[in-house]
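**Student:** Sending over coords.txt (compact mmCIF, C-alpha atoms).
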# COMPACT_ATOMS: atom_id res chain seq x y z
CA MET A 605 11.59 59.33 88.89
CA ASP A 606 7.89 59.98 88.41
CA ILE A 607 6.26 59.68 91.87
CA LYS A 608 3.16 57.90 90.55
CA PHE A 609 5.33 55.43 88.61
CA GLY A 610 7.50 54.89 91.68
CA LEU A 611 4.50 54.17 93.89
CA LYS A 612 3.01 51.84 91.28
CA LYS A 613 6.28 49.93 90.97
CA ALA A 614 6.60 49.67 94.77
CA THR A 615 3.03 48.40 95.02
CA ILE A 616 3.67 45.72 92.39
CA VAL A 617 6.85 44.59 94.16
CA LEU A 618 5.08 44.54 97.55
CA THR A 619 2.11 42.63 96.14
CA ALA A 620 4.40 40.05 94.55
CA ALA A 621 6.31 39.66 97.81
CA LEU A 622 3.13 39.19 99.82
CA LEU A 623 1.82 36.67 97.28
CA SER A 624 5.08 34.75 97.53
CA VAL A 625 4.93 34.71 101.33
CA ASN A 626 1.28 33.63 101.28
CA MET A 627 1.94 30.79 98.81
CA SER A 628 4.95 29.62 100.81
CA ALA A 629 2.98 29.68 104.04
CA LYS A 630 0.15 27.73 102.48
CA ALA A 631 2.56 25.25 100.89
CA GLY A 632 4.32 24.69 104.22
CA ALA A 633 1.18 24.24 106.29
CA VAL A 634 -1.05 21.81 104.41
CA TYR A 635 -1.96 20.00 107.61
CA ASP A 636 -3.13 23.26 109.22
CA TYR A 637 -5.11 23.99 106.07
CA ILE A 638 -6.80 20.57 106.29
CA LYS A 639 -7.70 21.10 109.95
CA ALA A 640 -8.99 24.62 109.35
CA ASN A 641 -11.26 23.39 106.53
CA ASN A 642 -12.28 20.25 108.47
CA GLU A 643 -11.72 18.23 105.29
CA LEU A 644 -9.13 15.81 103.94
CA MET A 645 -9.24 15.71 100.13
CA ILE A 646 -8.25 12.20 99.04
CA ALA A 647 -7.30 11.27 95.47
CA THR A 648 -8.13 7.73 94.41
CA ASP A 649 -9.49 5.70 91.48
CA ALA A 650 -13.21 5.50 90.68
CA ASN A 651 -13.14 2.28 88.67
CA TRP A 652 -10.83 -0.20 90.38
CA ALA A 653 -12.73 -2.69 92.55
CA PRO A 654 -12.10 -3.98 95.18
CA PHE A 655 -9.73 -1.08 95.97
CA SER A 656 -11.92 1.87 95.03
CA TYR A 657 -15.10 2.18 93.01
CA ILE A 658 -18.49 3.89 92.93
CA ASP A 659 -21.39 1.61 93.93
CA ASP A 660 -24.91 1.58 92.47
CA ASP A 661 -25.95 4.31 94.90
CA GLY A 662 -23.15 6.60 93.72
CA VAL A 663 -21.08 6.13 96.90
CA MET A 664 -17.34 5.49 96.89
CA GLN A 665 -16.46 2.03 98.26
CA GLY A 666 -13.46 -0.29 98.52
CA PHE A 667 -10.35 -1.01 100.56
CA ASP A 668 -8.52 2.24 99.72
CA VAL A 669 -11.69 4.23 100.31
CA GLU A 670 -12.17 2.73 103.78
CA VAL A 671 -8.50 3.34 104.60
CA GLY A 672 -8.94 6.95 103.50
CA ARG A 673 -12.08 7.40 105.59
CA GLU A 674 -10.33 5.94 108.65
CA ILE A 675 -7.35 8.27 108.19
CA ALA A 676 -9.67 11.28 108.03
CA LYS A 677 -11.59 10.05 111.08
CA ARG A 678 -8.42 9.69 113.15
CA MET A 679 -7.29 13.10 111.93
CA GLY A 680 -10.58 14.53 113.19
CA VAL A 681 -11.83 15.79 109.82
CA GLU A 682 -14.23 14.75 107.06
CA ALA A 683 -13.11 12.74 104.03
CA ARG A 684 -13.79 13.97 100.50
CA PHE A 685 -12.78 11.84 97.52
CA ILE A 686 -11.40 13.21 94.27
CA THR A 687 -11.05 10.91 91.25
CA PRO A 688 -8.50 12.31 88.78
CA ALA A 689 -6.79 10.15 86.15
CA TRP A 690 -3.98 7.97 87.49
CA ASP A 691 -1.28 9.63 85.38
CA VAL A 692 -2.37 13.03 86.76
CA ILE A 693 -1.97 11.79 90.36
CA THR A 694 1.46 10.23 89.75
CA SER A 695 2.81 13.29 87.92
CA GLY A 696 2.78 15.44 91.09
CA ASN A 697 2.33 19.23 91.12
CA TRP A 698 -1.17 18.86 92.55
CA ASN A 699 -1.50 22.59 93.33
CA MET A 700 -3.68 21.89 96.38
CA ARG A 701 -6.38 20.16 94.29
CA TRP A 702 -6.18 17.27 96.79
CA ASP A 703 -4.13 16.60 99.91
CA VAL A 704 -3.15 12.93 99.78
CA SER A 705 -3.34 9.95 97.47
CA VAL A 706 -4.80 6.82 99.08
CA GLY A 707 -4.76 4.84 95.87
CA SER A 708 -2.41 1.86 96.25
CA MET A 709 0.57 3.72 94.81
CA THR A 710 3.90 1.90 94.64
CA PRO A 711 6.87 4.04 95.73
CA THR A 712 9.36 4.27 92.87
CA ALA A 713 12.54 6.26 92.37
CA SER A 714 11.03 8.20 89.47
CA ARG A 715 7.84 9.07 91.37
CA SER A 716 9.85 10.12 94.42
CA GLU A 717 11.15 13.08 92.41
CA VAL A 718 7.72 14.72 92.64
CA LEU A 719 5.97 12.85 95.47
CA ASN A 720 6.59 11.92 99.10
CA PHE A 721 5.66 8.48 100.45
CA PRO A 722 4.84 8.89 104.16
CA ALA A 723 3.76 5.29 104.89
CA VAL A 724 3.40 1.90 103.22
CA TYR A 725 0.06 0.43 104.32
CA TYR A 726 -0.05 -2.94 102.53
CA TYR A 727 1.53 -5.17 99.88
CA THR A 728 -0.04 -6.88 96.87
CA PRO A 729 0.94 -9.34 94.12
CA ALA A 730 0.89 -8.31 90.47
CA SER A 731 -0.26 -11.09 88.14
CA PHE A 732 -0.66 -11.94 84.47
CA ALA A 733 -4.08 -12.88 83.13
CA VAL A 734 -5.34 -14.21 79.79
CA HIS A 735 -8.73 -15.01 78.28
CA SER A 736 -10.17 -18.20 79.76
CA ASP A 737 -9.89 -19.89 76.33
CA SER A 738 -6.20 -19.07 75.98
CA THR A 739 -3.53 -21.77 76.37
CA LEU A 740 -0.64 -19.31 76.77
CA THR A 741 1.74 -19.63 79.71
CA VAL A 742 3.67 -16.74 81.23
CA PRO A 743 6.87 -17.40 79.20
CA GLN A 744 4.76 -17.59 76.01
CA LEU A 745 3.52 -14.02 76.57
CA SER A 746 6.93 -12.74 75.45
CA GLY A 747 6.56 -11.20 72.02
CA LYS A 748 2.77 -10.94 72.43
CA THR A 749 0.47 -7.93 72.90
CA ILE A 750 -0.10 -7.23 76.59
CA CYS A 751 -2.46 -4.66 78.09
CA THR A 752 -1.91 -2.66 81.27
CA THR A 753 -2.65 0.68 82.93
CA ALA A 754 -0.76 3.74 81.65
CA ALA A 755 1.78 5.26 84.06
CA SER A 756 1.55 2.21 86.35
CA THR A 757 4.15 -0.08 87.89
CA TRP A 758 2.78 -2.84 85.65
CA GLU A 759 3.61 -0.74 82.61
CA MET A 760 7.09 -0.08 84.03
CA TYR A 761 7.53 -3.83 84.52
CA LEU A 762 6.60 -4.55 80.90
CA GLN A 763 9.01 -1.82 79.79
CA GLY A 764 11.77 -3.40 81.87
CA ASP A 765 12.37 -0.31 84.02
CA LEU A 766 10.44 -0.89 87.25
CA ASP A 767 12.29 1.08 89.94
CA MET A 768 10.33 0.17 93.10
CA LEU A 769 11.74 1.35 96.44
CA ASP A 770 12.22 -1.16 99.30
CA ALA A 771 10.40 -3.93 97.42
CA PRO A 772 10.98 -7.72 97.35
CA ALA A 773 13.33 -8.93 94.61
CA PHE A 774 11.81 -9.89 91.25
CA THR A 775 12.82 -10.83 87.70
CA TYR A 776 11.55 -9.73 84.29
CA ASP A 777 9.96 -12.91 82.97
CA VAL A 778 8.08 -11.39 80.02
CA THR A 779 9.26 -9.12 77.20
CA PRO A 780 6.13 -8.10 75.28
CA GLY A 781 6.07 -7.44 71.57
CA THR A 782 3.52 -4.64 72.03
CA ILE A 783 2.32 -2.89 75.18
CA THR A 784 -1.26 -1.59 75.12
CA SER A 785 -1.43 1.15 77.78
CA LEU A 786 -5.01 2.10 78.69
CA VAL A 787 -6.63 4.34 81.29
CA ASP A 788 -7.10 1.53 83.83
CA GLY A 789 -7.32 -2.22 84.36
CA ALA A 790 -11.06 -2.26 83.72
CA ALA A 791 -10.40 -1.10 80.15
CA CYS A 792 -7.89 -3.93 79.71
CA LEU A 793 -10.43 -6.44 81.00
CA ASP A 794 -13.03 -5.16 78.55
CA ASP A 795 -10.55 -5.69 75.70
CA LEU A 796 -9.45 -9.12 76.92
CA ARG A 797 -13.01 -10.40 77.33
CA LEU A 798 -13.48 -10.07 73.55
CA GLY A 799 -11.35 -13.17 73.09
CA ALA A 800 -7.79 -14.46 73.09
CA GLY A 801 -5.71 -12.38 70.69
CA VAL A 802 -8.61 -10.23 69.44
CA ARG A 803 -7.09 -7.05 70.86
CA ASN A 804 -4.62 -8.34 73.42
CA ASP A 805 -3.08 -11.69 74.28
CA GLY A 806 -2.95 -10.97 78.00
CA MET A 807 -2.76 -8.31 80.69
CA VAL A 808 -0.95 -7.58 83.93
CA ASP A 809 -2.55 -5.91 86.94
CA SER A 810 -3.13 -6.37 90.65
CA MET A 811 -4.14 -9.94 91.48
CA PRO A 812 -7.04 -8.88 93.77
CA MET A 813 -8.49 -6.75 90.97
CA ILE A 814 -8.30 -9.63 88.47
CA LEU A 815 -9.90 -12.03 90.98
CA GLU A 816 -12.70 -9.51 91.54
CA ALA A 817 -13.29 -9.41 87.77
CA ILE A 818 -13.39 -13.22 87.59
CA ASP A 819 -16.01 -13.25 90.37
CA ALA A 820 -17.99 -10.70 88.36
CA GLY A 821 -18.09 -13.07 85.38
CA TYR A 822 -15.21 -11.88 83.21
CA PRO A 823 -13.91 -14.78 81.05
CA VAL A 824 -10.30 -14.41 82.19
CA LYS A 825 -7.90 -16.47 84.28
CA ILE A 826 -4.67 -15.83 86.17
CA ILE A 827 -1.62 -17.69 84.91
CA GLY A 828 1.67 -18.46 86.64
CA LEU A 829 3.03 -17.05 89.85
CA PRO A 830 2.85 -13.33 90.68
CA ALA A 831 5.20 -11.27 88.52
CA PHE A 832 6.24 -9.22 91.57
CA TYR A 833 5.02 -8.00 94.94
CA GLU A 834 4.66 -4.30 95.43
CA PRO A 835 4.61 -2.14 98.55
CA LEU A 836 1.67 0.28 98.42
CA SER A 837 1.95 3.69 100.03
CA LEU A 838 0.15 6.91 100.76
CA ALA A 839 1.53 9.78 98.69
CA THR A 840 1.74 13.53 99.17
CA ASP A 841 2.91 16.28 96.85
CA LYS A 842 6.48 17.57 97.02
CA GLY A 843 5.22 20.79 95.46
CA ASN A 844 3.31 21.48 98.70
CA ASP A 845 5.76 19.80 101.06
CA ASP A 846 4.53 19.57 104.66
CA PRO A 847 6.55 17.37 107.06
CA GLU A 848 3.83 17.78 109.71
CA LEU A 849 1.21 16.22 107.41
CA ASP A 850 3.54 13.38 106.41
CA ALA A 851 4.36 12.68 110.07
CA GLU A 852 0.67 12.62 111.01
CA LEU A 853 -0.15 10.25 108.14
CA ALA A 854 2.71 7.94 109.17
CA ARG A 855 1.52 8.01 112.79
CA ILE A 856 -2.04 7.09 111.81
CA ILE A 857 -0.96 4.21 109.57
CA ALA A 858 1.31 2.85 112.32
CA GLU A 859 -1.65 3.03 114.72
CA MET A 860 -3.93 1.24 112.22
CA GLN A 861 -1.33 -1.50 111.82
CA LYS A 862 -0.91 -1.88 115.58
CA ASP A 863 -4.63 -2.21 116.32
CA TYR A 864 -5.16 -4.56 113.29
CA THR A 865 -7.52 -2.18 111.48
CA LEU A 866 -5.55 -2.60 108.24
CA SER A 867 -5.44 -6.39 108.58
CA LEU A 868 -9.20 -6.58 109.12
CA LEU A 869 -9.89 -4.34 106.11
CA SER A 870 -7.56 -6.47 103.98
CA ILE A 871 -9.31 -9.69 105.01
CA GLN A 872 -12.68 -8.06 104.31
CA HIS A 873 -11.83 -6.89 100.79
CA PHE A 874 -9.15 -9.25 99.45
CA LYS A 875 -8.70 -12.94 98.86
CA ASN A 876 -6.01 -15.28 97.60
CA ALA A 877 -6.21 -17.17 94.30
CA ASP A 878 -7.61 -20.20 96.17
CA GLY A 879 -10.51 -18.12 97.49
CA SER A 880 -9.24 -17.79 101.05
CA SER A 881 -9.17 -14.42 102.81
CA ALA A 882 -5.96 -12.47 102.29
CA ASP A 883 -4.06 -10.25 104.69
CA TYR A 884 -1.88 -8.18 102.38
CA THR A 885 -0.58 -5.96 105.16
CA THR A 886 2.30 -8.36 105.85
CA SER A 887 5.56 -7.78 103.97
CA TYR A 888 6.67 -10.47 101.51
Take the structure I supplied and represent it as structure tokens, if you would.
**Tutor:**
Amino acid sequence: MDIKFGLKKATIVLTAALLSVNMSAKAGAVYDYIKANNELMIATDANWAPFSYIDDDGVMQGFDVEVGREIAKRMGVEARFITPAWDVITSGNWNMRWDVSVGSMTPTASRSEVLNFPAVYYYTPASFAVHSDSTLTVPQLSGKTICTTAASTWEMYLQGDLDMLDAPAFTYDVTPGTITSLVDGAACLDDLRLGAGVRNDGMVDSMPMILEAIDAGYPVKIIGLPAFYEPLSLATDKGNDDPELDAELARIIAEMQKDYTLSLLSIQHFKNADGSSADYTTSY
């Protein structure tokens, strides 16, 4: 064997081995990486009030944002928010672009193939809404065009394949004729405000989000009882699995439940359909 070729080949093999060890070490020690960088990178939505949104001063606000900040504070690091598209977050394989999703994600069997769900931190009702001029009832939405967020549990519900984990029982009360899947609920609201049946006959989304839109002047109304109640969880990436990080996140959420921090944040940001303050941290 040519000595130079042999040395080159050995170097390549050694470099590949070291790279593999380094990647494995990094993947298995996300929590240490967070602490070393003094920063928790949190993925959440940028256009989903009252959960997460950017205010007029360009600052992230909302229930999920405050939960994320409190997690980082109790972890002893700074919070930094990343706002990728929802379908990018739920698809996993984050490649260390962010550390945790604090974005009201429902644990499902399909998502659990690529994500871990360290802790459920609240529950919320999903509701149907129509234009304020519409006379449709929930049963009458069957066969109609209904808007929702792509890659969401609401889309799964409309498709008849919602596989939530550890969630209250529910039934499929609507079978749409057409599902309009958009980037987020705000886009559905913008379509629905054009008028009943102009682009969509109705939509399904989180009840607090729809109530927030009504308060902001959107000509929509909630109809019927909630379609289902969903547990909402933190999520981490199976591709960079770190049991230490998941355990720390679970510990912090348990602490925030015990000292009523989550309840107080829920009451501050959410309300029921009758306008009263809502504590969505209690299981249904």
**Student:** Would you mind telling me which residue in A:Ser731, A:Asn804, A:Ser695, A:Thr775 lies nearest to Cys792 of chain A when using only C-alpha atoms?
**Tutor:**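 Ranked by minimum distance to Cys792 of chain A, first place goes to A:Asn804.
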**Student:** Given all atoms listed in the file as the basis, pick out the residue of A:Tyr761, A:Tyr657, A:Phe732, A:Tyr864 nearest to Asp809 of chain A.
**Tutor:**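 That would be A:Phe732, the residue with the smallest distance to Asp809 of chain A.
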**Student:** Quick check, in Å to one decimal: how far apart do atom CA of Thr779 of chain A and atom CA of Gly747 of chain A lie?
**Tutor:**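 The value is 6.2 Å.
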**Student:** Could you tell me which of A:Asp668, A:Asp788, A:Asp845, A:Asp767 comes closest to Val706 of chain A if we count all atoms listed in the file?
**Tutor:**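 Nearest candidate to Val706 of chain A out of A:Asp668, A:Asp788, A:Asp845, A:Asp767: A:Asp668.
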**Student:** Please list as a ChimeraX atom specification every residue within 10 Å of Thr782 of chain A, counting all atoms listed in the file and excluding residues in the same chain fewer than 3 positions away.
**Tutor:** /A:746-751,762-763,779,785,804-805
**Student:** For atom CA of Asn699 of chain A and atom CA of Val718 of chain A, quote the distance in Å rounded to one decimal.
**Tutor:**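 It comes out at 12.1 Å.
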**Student:** Here is a test: counting only C-alpha atoms, which residue of A:Ile675, A:Val704, A:Met664, A:Leu838 is nearest to Val634 of chain A?
**Tutor:**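 The closest residue to Val634 of chain A is A:Val704.
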